[in-house]
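Participant: Structure supplied as model-v3.cif; contents: mmCIF, C-alpha atoms.
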data_coords
loop_
_atom_site.label_atom_id
_atom_site.label_comp_id
_atom_site.auth_asym_id
_atom_site.auth_seq_id
_atom_site.Cartn_x
_atom_site.Cartn_y
_atom_site.Cartn_z
CA MET J 17 29.25 16.07 28.02
CA GLY J 18 27.96 18.61 25.50
CA THR J 19 26.52 17.77 22.11
CA LYS J 20 29.15 17.03 19.46
CA TYR J 21 28.70 17.94 15.82
CA VAL J 22 30.09 16.72 12.52
CA ASN J 23 30.36 19.19 9.67
CA ALA J 24 29.50 17.84 6.24
CA VAL J 25 31.20 19.41 3.25
CA ILE J 26 30.24 18.47 -0.31
CA SER J 27 33.40 18.19 -2.37
CA GLU J 28 34.57 16.63 -5.63
CA GLU J 29 37.84 15.62 -4.02
CA SER J 30 38.18 12.26 -2.24
CA ASN J 31 40.14 11.70 0.97
CA GLU J 32 40.37 9.04 3.66
CA ASN J 33 37.42 10.50 5.59
CA SER J 34 35.16 11.28 2.64
CA LEU J 35 31.96 9.46 1.78
CA PRO J 36 30.77 9.15 -1.82
CA VAL J 37 27.58 10.81 -3.04
CA LEU J 38 25.36 8.61 -5.20
CA ASP J 39 23.08 10.06 -7.87
CA GLY J 40 19.78 8.56 -8.95
CA THR J 41 17.95 9.27 -12.19
CA LEU J 42 15.37 11.43 -10.37
CA GLY J 43 15.13 12.92 -6.89
CA PRO J 44 17.79 13.84 -4.32
CA SER J 45 21.25 12.29 -4.25
CA ALA J 46 22.33 10.09 -1.33
CA VAL J 47 25.44 9.96 0.82
CA ASP J 48 26.82 6.41 0.87
CA ILE J 49 27.42 5.80 4.59
CA GLN J 50 28.10 2.07 4.40
CA THR J 51 31.69 2.58 5.58
CA LEU J 52 30.87 5.26 8.16
CA TYR J 53 31.10 2.95 11.18
CA ALA J 54 34.10 0.96 10.00
CA ARG J 55 36.12 4.07 9.19
CA ASN J 56 34.86 6.57 11.76
CA GLY J 57 33.25 4.54 14.54
CA LEU J 58 29.97 6.40 14.05
CA LEU J 59 26.43 5.29 13.23
CA ALA J 60 23.87 7.39 11.37
CA PHE J 61 20.83 8.19 13.56
CA ASP J 62 17.63 8.56 11.55
CA PRO J 63 14.48 7.43 13.43
CA GLY J 64 11.79 6.35 11.01
CA PHE J 65 14.32 6.44 8.14
CA ARG J 66 13.07 9.90 7.10
CA SER J 67 16.40 10.81 5.49
CA THR J 68 17.71 7.35 4.63
CA ALA J 69 17.67 5.60 1.26
CA ALA J 70 17.48 1.99 2.39
CA CYS J 71 17.86 0.57 -1.11
CA LYS J 72 18.20 1.29 -4.79
CA SER J 73 15.00 0.74 -6.72
CA SER J 74 13.81 1.37 -10.26
CA ILE J 75 10.11 0.64 -9.68
CA THR J 76 8.36 3.75 -8.35
CA PHE J 77 9.34 7.39 -7.93
CA VAL J 78 7.56 9.94 -5.74
CA ASP J 79 8.28 13.68 -5.74
CA GLY J 80 6.31 15.05 -2.81
CA ASP J 81 7.09 18.69 -3.56
CA LYS J 82 5.79 18.47 -7.12
CA GLY J 83 2.97 16.07 -6.36
CA MET J 84 4.38 13.49 -8.76
CA LEU J 85 4.02 9.69 -8.73
CA LEU J 86 5.62 7.58 -11.46
CA TYR J 87 5.39 3.82 -12.02
CA ARG J 88 8.47 2.82 -14.02
CA GLY J 89 8.49 6.40 -15.38
CA TYR J 90 4.79 6.60 -16.28
CA PRO J 91 2.69 9.29 -14.48
CA ILE J 92 -0.02 7.77 -12.32
CA GLU J 93 -2.65 10.03 -13.90
CA GLU J 94 -1.95 8.59 -17.37
CA LEU J 95 -2.02 5.02 -16.15
CA ALA J 96 -5.28 5.57 -14.25
CA GLU J 97 -6.90 7.07 -17.33
CA ARG J 98 -5.61 4.76 -20.07
CA SER J 99 -4.36 1.52 -18.54
CA GLU J 100 -5.77 -1.50 -16.70
CA PHE J 101 -4.61 -2.92 -13.40
CA ILE J 102 -3.20 -6.16 -14.85
CA GLU J 103 -1.19 -4.16 -17.38
CA VAL J 104 0.12 -1.99 -14.51
CA ALA J 105 0.97 -5.10 -12.46
CA TYR J 106 3.02 -6.43 -15.37
CA LEU J 107 4.71 -3.04 -15.73
CA LEU J 108 5.70 -2.96 -12.07
CA MET J 109 7.01 -6.52 -12.14
CA HIS J 110 8.87 -6.45 -15.45
CA GLY J 111 9.76 -2.81 -16.08
CA ASP J 112 7.80 -2.21 -19.29
CA LEU J 113 4.21 -2.33 -20.46
CA PRO J 114 3.37 -5.72 -21.95
CA THR J 115 3.05 -6.38 -25.65
CA PRO J 116 -0.27 -7.96 -26.69
CA SER J 117 1.39 -11.37 -26.65
CA GLN J 118 2.96 -10.81 -23.22
CA ARG J 119 -0.37 -9.52 -21.89
CA LYS J 120 -2.20 -12.65 -23.07
CA THR J 121 0.43 -14.94 -21.52
CA PHE J 122 0.22 -13.01 -18.26
CA ASP J 123 -3.60 -13.10 -18.25
CA ASP J 124 -3.61 -16.83 -18.99
CA ALA J 125 -1.16 -17.54 -16.16
CA LEU J 126 -3.19 -15.52 -13.65
CA GLY J 127 -6.34 -17.32 -14.76
CA TYR J 128 -4.70 -20.72 -14.36
CA TYR J 129 -3.59 -20.04 -10.78
CA ASN J 130 -6.44 -17.88 -9.46
CA ILE J 131 -8.37 -20.59 -7.57
CA LEU J 132 -7.63 -21.27 -3.91
CA HIS J 133 -6.86 -24.84 -2.86
CA GLU J 134 -9.93 -26.36 -1.18
CA GLN J 135 -7.90 -26.97 1.97
CA VAL J 136 -7.00 -23.29 2.03
CA LEU J 137 -10.70 -22.43 1.91
CA SER J 138 -11.21 -24.71 4.90
CA PHE J 139 -8.83 -22.50 6.91
CA TYR J 140 -11.46 -19.76 6.99
CA ARG J 141 -13.66 -21.88 9.25
CA GLY J 142 -10.94 -21.64 11.89
CA PHE J 143 -11.54 -17.89 12.27
CA ARG J 144 -14.35 -16.21 14.16
CA ARG J 145 -17.11 -14.91 11.90
CA ASP J 146 -16.49 -11.37 13.15
CA ALA J 147 -12.72 -11.48 12.58
CA HIS J 148 -11.34 -8.48 10.71
CA PRO J 149 -10.65 -9.42 7.05
CA MET J 150 -7.04 -8.26 7.41
CA ALA J 151 -6.51 -10.68 10.32
CA VAL J 152 -7.79 -13.47 8.10
CA MET J 153 -5.64 -12.41 5.16
CA VAL J 154 -2.45 -12.27 7.22
CA GLY J 155 -3.04 -15.86 8.34
CA VAL J 156 -4.20 -17.32 5.03
CA VAL J 157 -1.53 -15.68 2.85
CA GLY J 158 1.17 -16.86 5.24
CA ALA J 159 -0.33 -20.37 5.11
CA LEU J 160 0.09 -20.50 1.32
CA SER J 161 3.78 -21.19 1.89
CA ALA J 162 2.75 -24.58 3.32
CA PHE J 163 1.13 -25.50 0.00
CA TYR J 164 3.54 -24.51 -2.74
CA HIS J 165 6.84 -26.22 -2.07
CA ASP J 166 7.33 -26.45 -5.83
CA VAL J 167 8.19 -22.73 -6.04
CA MET J 168 10.47 -22.40 -3.04
CA ASN J 169 13.78 -22.34 -4.89
CA MET J 170 14.23 -18.59 -4.82
CA ARG J 171 17.42 -18.87 -6.88
CA ASP J 172 15.38 -20.14 -9.81
CA ALA J 173 13.85 -17.36 -11.94
CA ASN J 174 10.94 -19.55 -13.03
CA ASP J 175 10.07 -20.39 -9.42
CA ARG J 176 10.15 -16.72 -8.49
CA GLU J 177 7.90 -15.78 -11.38
CA LEU J 178 5.40 -18.55 -10.61
CA ALA J 179 5.24 -17.62 -6.93
CA THR J 180 4.41 -14.00 -7.77
CA ILE J 181 1.81 -15.06 -10.36
CA ARG J 182 0.15 -17.23 -7.73
CA LEU J 183 0.01 -14.37 -5.25
CA ILE J 184 -1.50 -11.84 -7.67
CA GLY J 185 -3.85 -14.45 -9.13
CA LYS J 186 -5.18 -15.81 -5.84
CA MET J 187 -5.50 -12.55 -3.91
CA PRO J 188 -8.96 -11.59 -5.27
CA MET J 189 -10.54 -14.89 -4.21
CA LEU J 190 -8.63 -14.83 -0.94
CA ALA J 191 -9.83 -11.30 -0.11
CA ALA J 192 -13.41 -11.97 -1.24
CA ALA J 193 -13.57 -15.14 0.87
CA SER J 194 -12.57 -13.17 3.97
CA TYR J 195 -15.81 -11.20 3.47
CA THR J 196 -18.20 -13.95 2.33
CA TYR J 197 -17.13 -16.18 5.23
CA SER J 198 -17.97 -13.38 7.69
CA ILE J 199 -21.56 -13.18 6.39
CA GLY J 200 -22.01 -16.95 6.06
CA ARG J 201 -22.29 -17.04 2.28
CA PRO J 202 -20.62 -19.76 0.15
CA GLN J 203 -17.70 -18.49 -1.88
CA ARG J 204 -18.03 -18.08 -5.65
CA TYR J 205 -15.16 -19.15 -7.89
CA PRO J 206 -13.28 -16.98 -10.38
CA ASN J 207 -14.66 -16.64 -13.90
CA ASN J 208 -11.83 -16.42 -16.42
CA LYS J 209 -14.07 -14.70 -18.95
CA LEU J 210 -14.00 -11.64 -16.71
CA ASP J 211 -11.23 -9.11 -16.11
CA TYR J 212 -9.41 -8.87 -12.78
CA ALA J 213 -11.55 -6.16 -11.14
CA THR J 214 -14.86 -7.57 -12.40
CA ASN J 215 -13.90 -11.03 -11.18
CA PHE J 216 -13.22 -9.71 -7.70
CA LEU J 217 -16.55 -7.88 -7.59
CA GLN J 218 -18.56 -10.95 -8.63
CA MET J 219 -16.79 -13.05 -5.98
CA MET J 220 -17.42 -10.37 -3.35
CA PHE J 221 -21.07 -9.62 -4.00
CA GLY J 222 -22.50 -12.49 -6.03
CA ALA J 223 -24.25 -15.52 -4.57
CA PRO J 224 -23.22 -18.90 -6.05
CA ASN J 225 -26.81 -19.99 -6.73
CA ARG J 226 -27.74 -17.15 -9.10
CA GLU J 227 -26.30 -15.07 -11.89
CA TYR J 228 -24.55 -11.86 -10.91
CA VAL J 229 -23.72 -9.20 -13.50
CA VAL J 230 -21.18 -6.60 -12.44
CA ASP J 231 -21.89 -2.96 -13.28
CA PRO J 232 -19.12 -1.92 -15.75
CA VAL J 233 -18.93 1.56 -14.21
CA LEU J 234 -18.15 0.03 -10.81
CA SER J 235 -15.71 -2.41 -12.36
CA ARG J 236 -13.77 0.42 -14.00
CA ALA J 237 -13.83 2.44 -10.76
CA LEU J 238 -12.34 -0.51 -8.87
CA ASP J 239 -9.70 -1.00 -11.56
CA VAL J 240 -8.66 2.64 -11.09
CA ILE J 241 -8.54 2.16 -7.31
CA LEU J 242 -6.26 -0.85 -7.77
CA ILE J 243 -3.96 1.09 -10.11
CA LEU J 244 -3.69 4.05 -7.72
CA HIS J 245 -2.80 1.78 -4.78
CA ALA J 246 -0.55 -0.70 -6.60
CA ASP J 247 2.71 0.79 -5.31
CA HIS J 248 4.08 3.82 -3.50
CA GLU J 249 7.85 3.56 -3.19
CA GLN J 250 9.41 2.53 0.16
CA ASN J 251 6.37 2.87 2.42
CA ALA J 252 6.02 0.94 5.69
CA SER J 253 4.50 -2.23 4.22
CA THR J 254 6.83 -2.35 1.21
CA SER J 255 9.84 -1.82 3.46
CA THR J 256 8.52 -4.64 5.65
CA VAL J 257 8.31 -6.94 2.62
CA ARG J 258 11.86 -6.05 1.57
CA LEU J 259 13.21 -6.49 5.10
CA ALA J 260 11.62 -9.94 5.38
CA ALA J 261 12.79 -10.85 1.87
CA SER J 262 16.40 -9.96 2.72
CA SER J 263 16.48 -12.95 5.08
CA GLY J 264 15.59 -15.28 2.20
CA ALA J 265 12.00 -15.77 3.40
CA ASN J 266 9.58 -17.15 0.81
CA PRO J 267 7.31 -14.64 -0.97
CA PHE J 268 4.10 -15.83 0.71
CA ALA J 269 5.56 -15.14 4.14
CA CYS J 270 6.95 -11.79 2.98
CA ILE J 271 3.61 -10.60 1.58
CA ALA J 272 1.85 -11.78 4.77
CA ALA J 273 4.26 -9.52 6.68
CA GLY J 274 3.40 -6.67 4.31
CA ILE J 275 -0.32 -7.18 4.93
CA ALA J 276 0.27 -7.03 8.69
CA SER J 277 2.10 -3.72 8.30
CA LEU J 278 -0.54 -2.33 5.94
CA TRP J 279 -3.27 -3.06 8.48
CA GLY J 280 -2.11 -0.20 10.73
CA PRO J 281 -4.47 2.82 10.89
CA ALA J 282 -1.61 5.16 9.95
CA HIS J 283 -1.06 3.20 6.73
CA GLY J 284 -3.72 1.17 4.93
CA GLY J 285 -6.41 1.81 7.50
CA ALA J 286 -6.42 5.57 6.92
CA ASN J 287 -9.37 5.61 4.50
CA GLU J 288 -11.47 3.78 7.07
CA ALA J 289 -10.48 6.43 9.63
CA VAL J 290 -11.51 9.21 7.21
CA LEU J 291 -14.98 7.71 6.77
CA LYS J 292 -15.42 7.39 10.53
CA MET J 293 -14.38 11.03 10.94
CA LEU J 294 -16.91 12.20 8.31
CA MET J 295 -19.61 10.22 10.11
CA GLU J 296 -18.67 11.88 13.39
CA ILE J 297 -18.83 15.34 11.79
CA GLY J 298 -22.38 14.48 10.79
CA THR J 299 -23.43 17.67 8.98
CA VAL J 300 -21.83 20.47 7.00
CA GLU J 301 -22.75 22.90 9.80
CA ASN J 302 -20.31 21.16 12.16
CA ILE J 303 -17.28 21.67 9.90
CA PRO J 304 -16.12 25.06 11.30
CA LYS J 305 -16.03 23.59 14.81
CA VAL J 306 -14.03 20.59 13.53
CA ILE J 307 -11.56 22.90 11.76
CA GLU J 308 -10.96 24.78 15.00
CA ARG J 309 -10.43 21.54 16.89
CA ALA J 310 -7.86 20.45 14.31
CA LYS J 311 -5.93 23.68 14.86
CA ASP J 312 -5.97 23.39 18.66
CA LYS J 313 -2.66 21.82 19.71
CA ASN J 314 -4.20 20.86 23.05
CA ASP J 315 -6.96 18.86 21.36
CA SER J 316 -6.15 15.26 20.44
CA PHE J 317 -8.52 15.42 17.44
CA ARG J 318 -6.86 14.91 14.05
CA LEU J 319 -8.29 15.82 10.67
CA MET J 320 -7.90 12.52 8.82
CA GLY J 321 -7.15 12.42 5.09
CA PHE J 322 -5.17 15.66 5.00
CA GLY J 323 -1.43 15.82 4.59
CA HIS J 324 1.04 13.10 3.74
CA ARG J 325 4.49 12.22 5.01
CA ILE J 326 5.85 12.46 1.47
CA TYR J 327 3.57 14.86 -0.43
CA LYS J 328 3.93 18.56 0.34
CA ASN J 329 1.65 19.30 -2.57
CA PHE J 330 -1.52 17.63 -3.82
CA ASP J 331 -1.39 13.85 -3.76
CA PRO J 332 -1.85 13.18 -7.51
CA ARG J 333 -3.99 10.16 -6.68
CA SER J 334 -6.52 12.24 -4.73
CA LEU J 335 -7.74 14.16 -7.79
CA VAL J 336 -8.25 10.92 -9.72
CA ILE J 337 -10.13 9.23 -6.87
CA GLN J 338 -12.32 12.30 -6.30
CA LYS J 339 -13.36 12.24 -9.95
CA GLN J 340 -14.21 8.54 -9.74
CA ALA J 341 -16.22 9.04 -6.54
CA LYS J 342 -18.37 11.72 -8.16
CA LYS J 343 -18.82 9.62 -11.30
CA VAL J 344 -19.92 6.51 -9.39
CA LEU J 345 -22.32 8.41 -7.11
CA ALA J 346 -23.89 10.14 -10.10
CA HIS J 347 -24.18 6.82 -11.96
CA LEU J 348 -25.82 5.11 -9.00
CA GLY J 349 -28.07 8.08 -8.31
CA LYS J 350 -26.82 8.26 -4.74
CA ASP J 351 -26.76 11.50 -2.80
CA ASP J 352 -24.20 10.60 -0.17
CA PRO J 353 -24.16 13.26 2.57
CA LEU J 354 -20.62 12.21 3.45
CA LEU J 355 -19.43 13.31 0.00
CA GLU J 356 -21.02 16.73 0.58
CA ILE J 357 -19.27 16.97 3.96
CA ALA J 358 -15.97 15.88 2.42
CA MET J 359 -16.14 18.39 -0.44
CA ARG J 360 -17.10 21.25 1.89
CA LEU J 361 -14.40 20.27 4.36
CA GLU J 362 -11.83 20.24 1.55
CA GLU J 363 -13.03 23.62 0.28
CA ILE J 364 -12.80 25.28 3.69
CA ALA J 365 -9.47 23.72 4.62
CA LEU J 366 -7.79 24.71 1.35
CA LYS J 367 -8.66 28.37 1.99
CA ASP J 368 -7.47 28.34 5.60
CA GLU J 369 -4.00 29.78 6.24
CA TYR J 370 -3.32 27.12 8.89
CA PHE J 371 -3.59 24.33 6.32
CA ILE J 372 -1.96 26.32 3.51
CA GLU J 373 1.15 27.12 5.59
CA ARG J 374 1.52 23.48 6.65
CA LYS J 375 0.76 22.20 3.12
CA LEU J 376 -2.01 19.94 4.41
CA TYR J 377 -3.72 18.91 1.19
CA PRO J 378 -6.25 16.09 0.77
CA ASN J 379 -4.59 12.71 0.11
CA VAL J 380 -5.83 9.56 -1.62
CA ASP J 381 -7.49 8.27 1.56
CA PHE J 382 -9.78 11.29 1.75
CA TYR J 383 -12.06 10.13 -1.06
CA SER J 384 -11.28 6.42 -1.46
CA GLY J 385 -13.44 5.41 1.52
CA ILE J 386 -16.43 7.29 0.12
CA LEU J 387 -15.97 5.61 -3.25
CA LEU J 388 -15.62 2.12 -1.79
CA ARG J 389 -18.69 2.66 0.37
CA ALA J 390 -20.72 3.79 -2.63
CA MET J 391 -19.69 0.59 -4.41
CA GLY J 392 -21.04 -1.50 -1.56
CA PHE J 393 -17.88 -2.44 0.31
CA PRO J 394 -18.25 -2.68 4.09
CA MET J 395 -15.83 -0.50 5.99
CA ASN J 396 -13.74 -3.41 7.29
CA MET J 397 -12.97 -4.44 3.69
CA PHE J 398 -11.38 -1.12 2.70
CA THR J 399 -7.87 -2.16 3.77
CA ALA J 400 -8.32 -5.61 2.24
CA VAL J 401 -8.96 -3.96 -1.15
CA PHE J 402 -5.79 -1.91 -0.55
CA ALA J 403 -3.87 -5.14 0.11
CA LEU J 404 -5.26 -6.67 -3.06
CA ALA J 405 -3.90 -3.74 -5.06
CA ARG J 406 -0.59 -3.41 -3.24
CA THR J 407 0.27 -7.09 -3.80
CA ALA J 408 1.41 -6.11 -7.31
CA GLY J 409 3.89 -3.63 -5.84
CA TRP J 410 5.01 -5.94 -3.05
CA VAL J 411 5.88 -8.82 -5.38
CA SER J 412 7.68 -6.39 -7.70
CA HIS J 413 9.90 -5.22 -4.85
CA TRP J 414 10.37 -8.82 -3.73
CA LEU J 415 11.53 -9.73 -7.26
CA GLU J 416 13.82 -6.70 -7.43
CA LEU J 417 15.45 -7.62 -4.13
CA GLN J 418 16.33 -11.10 -5.41
CA GLY J 419 18.85 -9.49 -7.75
CA GLU J 420 20.68 -7.70 -4.93
CA SER J 421 23.65 -9.12 -3.03
CA HIS J 422 24.04 -6.94 0.05
CA GLY J 423 22.76 -9.73 2.32
CA ILE J 424 20.28 -9.59 5.17
CA ASP J 425 19.06 -6.17 6.31
CA ARG J 426 20.30 -5.39 9.81
CA PRO J 427 19.57 -1.87 11.11
CA ARG J 428 21.68 -0.69 14.04
CA GLN J 429 20.58 1.29 17.11
CA LEU J 430 21.68 4.09 19.43
CA TYR J 431 21.73 2.24 22.76
CA VAL J 432 20.39 4.29 25.68
CA GLY J 433 19.91 1.53 28.30
CA LYS J 434 21.89 0.52 31.39
CA THR J 435 25.65 0.24 31.20
CA LEU J 436 27.43 -2.97 32.25
CA ARG J 437 26.27 -4.36 35.62
CA HIS J 438 26.52 -7.73 37.35
CA TYR J 439 24.05 -10.19 38.84
CA PRO J 440 23.61 -9.63 42.64
CA GLY J 441 26.13 -11.56 44.69
CA LYS J 442 28.57 -12.05 41.84
CA LYS J 443 32.15 -11.14 42.77
#
Can I see the file as structure tokens?

Facilitator:
Amino acid sequence: MGTKYVNAVISEESNENSLPVLDGTLGPSAVDIQTLYARNGLLAFDPGFRSTAACKSSITFVDGDKGMLLYRGYPIEELAERSEFIEVAYLLMHGDLPTPSQRKTFDDALGYYNILHEQVLSFYRGFRRDAHPMAVMVGVVGALSAFYHDVMNMRDANDRELATIRLIGKMPMLAAASYTYSIGRPQRYPNNKLDYATNFLQMMFGAPNREYVVDPVLSRALDVILILHADHEQNASTSTVRLAASSGANPFACIAAGIASLWGPAHGGANEAVLKMLMEIGTVENIPKVIERAKDKNDSFRLMGFGHRIYKNFDPRSLVIQKQAKKVLAHLGKDDPLLEIAMRLEEIALKDEYFIERKLYPNVDFYSGILLRAMGFPMNMFTAVFALARTAGWVSHWLELQGESHGIDRPRQLYVGKTLRHYPGKK
């Protein structure tokens, strides 16, 4: 049987076979195919959901052609320059920037719930010392649902709010403990006199038996990193959170699922892969050879940190992170050879027709690993920092989903297996 085709015609006239077109406030319109199977006996086939709007959302907008990223309408560049992560977290969750009074209430709530239960801390001893921090975080975040039965009524707005506050508040200590446990150092507690980023840094790098003062330049750099990674529309981990949430799962379980998805090297682990690639390149002199390998379709080598599934222009976050990386290295007086390799690699690639034609521009992962390394983070903590930031976006999408009524998500499939057959001997 030959391939069959369906012709789509955009019209302003409705008929029994027509499907409505839905318009958003920004970006492309969407064909509403919810009745396609019931009316026509057809399913839409879209592997990877490249052309499917799986939900309506008012949180984040990405225009890959223009290199635009908006949080609730605000350009990411403006937020990274003028805002703070906690303010951005409130914006994502509630739709608007907080007033001074709302900001104080939010800060106070996060400070009240930012300590991990002592029994939760005991869970860490059940993991191997060399366990990847993301493996630990998946387990511990999921385990939080066994502790907070008082916020499990997801129909109650106050319970939902408290659950999300607990997640954002506890994530810095939870992530820091996944590192300090691995090196055998007792875990420091949060200090509510410090801001969110500074608190995380003192729990990561400070010893409990002596004073530790966080460098304000590093604290601000981390705050910018958290803002840049707080949300990014319907990516793999956010879609995972929403899919889990559609079943009515509690938020701790949903965010644990998001962390598991983020762990993948094609998602949150990409900045770690970039750093490993720069280490393998070794010197600036090896860059031309690497460029040629990247162009060779018969070579399995991939140039990490270039291109993005959404952006066909510069990733707006990459320019911000590059600026921060240079600022931090200059402040610390470090001459990181990897930064020199990265900048030269970027310079050469952006002048090469191969990369220009394919619109392979540097993305946020290209410089974030260098910045995190300069700040003292071990490579296996890069994705954990990403998870810390993205928790704000995940809980915002989880909250948004609670107001929807379409029921549990249930993707369909195009079945290509065996047709009906019977067990041997059956008549």

Participant: Segment 220-259 of chain J near segment 89-97 of chain J within 7 Å: what's each residue's closest atom pair and its distance in Å to one decimal, counting only C-alpha atoms, ordered by chain then ascending residue number, as a tab-separated table?

Facilitator:
residue	atom	partner	partner_atom	distance
J:Val240	CA	J:Ala96	CA	5.5
J:Ile243	CA	J:Ala96	CA	6.2
J:Leu244	CA	J:Ala96	CA	6.9

Participant: One decimal, Å: what's the distance from atom CA of Gly423 of chain J over to atom CA of Ser262 of chain J, could you say?

Facilitator: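 The value is 6.4 Å.
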
Participant: Can you list, as a list in words, every protein, DNA or RNA residue that comes within 12 Å of segment 117-121 of chain J when you count only C-alpha atoms, leaving out same-chain residues fewer than 2 positions away?

Facilitator: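 Neighbouring residues, sequence-local ones excluded: Glu100, Phe101, Ile102, Glu103, Val104, Ala105, Tyr106, Leu107, His110, Asp112, Leu113, Pro114, Thr115, Asp123, Asp124, Ala125, Leu126, Gly127, Tyr128, Ile181 and Asp211 of chain J.
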
Participant: Please report the interatomic distance between atom CA of Gln338 of chain J and atom CA of Thr407 of chain J in Å with one decimal.

Facilitator: 23.3 Å

Participant: When you look at segment 298-312 of chain J with a cut-off of 12 Å (counting all atoms listed in the file), what residues show up, excluding the ones that are within fewer than 3 positions of it in the same chain? I need them as JSON, numbers by chain.

Facilitator: {"J": [291, 292, 293, 294, 295, 315, 316, 317, 318, 319, 320, 322, 352, 353, 354, 355, 356, 357, 358, 359, 360, 361, 362, 363, 364, 365, 366, 367, 368, 369, 370, 371, 374, 376]}

Participant: With all atoms listed in the file counted, which protein, DNA or RNA residues have an atom no more than 10 Å from (-7.5, 0.3, 7.3) in the file frame? Please answer as a ChimeraX atom specification.

Facilitator: /J:150,278-290,381,385,395-403

Participant: Distance atom CA of Arg333 of chain J-atom CA of Leu345 of chain J, one decimal place?

Facilitator: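 Separating atom CA of Arg333 of chain J from atom CA of Leu345 of chain J is a distance of 18.4 Å.
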
Participant: Can you tell me, as a ChimeraX atom specification, what residues are no more than 9 Å from Val157 of chain J when counting all atoms listed in the file, ignoring any on the same chain fewer than 2 positions away?

Facilitator: /J:152-155,159-161,183,187,190,268-269,271-272,275

Participant: Would you output segment 349-375 of chain J from that structure, restricted to C-alpha atoms, as a PDB file, in the first residue's frame?

Facilitator:
ATOM      1  CA  GLY J 349      42.937  36.262  38.872  1.00  0.00           C
ATOM      2  CA  LYS J 350      42.602  32.909  37.150  1.00  0.00           C
ATOM      3  CA  ASP J 351      43.944  32.298  33.672  1.00  0.00           C
ATOM      4  CA  ASP J 352      41.868  29.291  32.722  1.00  0.00           C
ATOM      5  CA  PRO J 353      43.227  27.729  29.514  1.00  0.00           C
ATOM      6  CA  LEU J 354      39.819  26.186  28.893  1.00  0.00           C
ATOM      7  CA  LEU J 355      38.286  29.659  28.575  1.00  0.00           C
ATOM      8  CA  GLU J 356      40.916  30.538  25.956  1.00  0.00           C
ATOM      9  CA  ILE J 357      40.099  27.333  24.064  1.00  0.00           C
ATOM     10  CA  ALA J 358      36.367  28.031  24.327  1.00  0.00           C
ATOM     11  CA  MET J 359      36.659  31.613  23.076  1.00  0.00           C
ATOM     12  CA  ARG J 360      38.915  30.612  20.172  1.00  0.00           C
ATOM     13  CA  LEU J 361      36.645  27.697  19.291  1.00  0.00           C
ATOM     14  CA  GLU J 362      33.642  30.033  19.280  1.00  0.00           C
ATOM     15  CA  GLU J 363      35.492  32.579  17.132  1.00  0.00           C
ATOM     16  CA  ILE J 364      36.520  30.010  14.522  1.00  0.00           C
ATOM     17  CA  ALA J 365      33.153  28.250  14.419  1.00  0.00           C
ATOM     18  CA  LEU J 366      31.182  31.472  13.966  1.00  0.00           C
ATOM     19  CA  LYS J 367      33.227  32.311  10.854  1.00  0.00           C
ATOM     20  CA  ASP J 368      32.897  28.850   9.330  1.00  0.00           C
ATOM     21  CA  GLU J 369      30.241  28.444   6.625  1.00  0.00           C
ATOM     22  CA  TYR J 370      29.389  24.951   7.891  1.00  0.00           C
ATOM     23  CA  PHE J 371      28.248  26.322  11.244  1.00  0.00           C
ATOM     24  CA  ILE J 372      26.716  29.495   9.793  1.00  0.00           C
ATOM     25  CA  GLU J 373      24.524  27.568   7.327  1.00  0.00           C
ATOM     26  CA  ARG J 374      23.323  25.206  10.074  1.00  0.00           C
ATOM     27  CA  LYS J 375      22.872  28.069  12.573  1.00  0.00           C
TER      28      LYS J 375
END
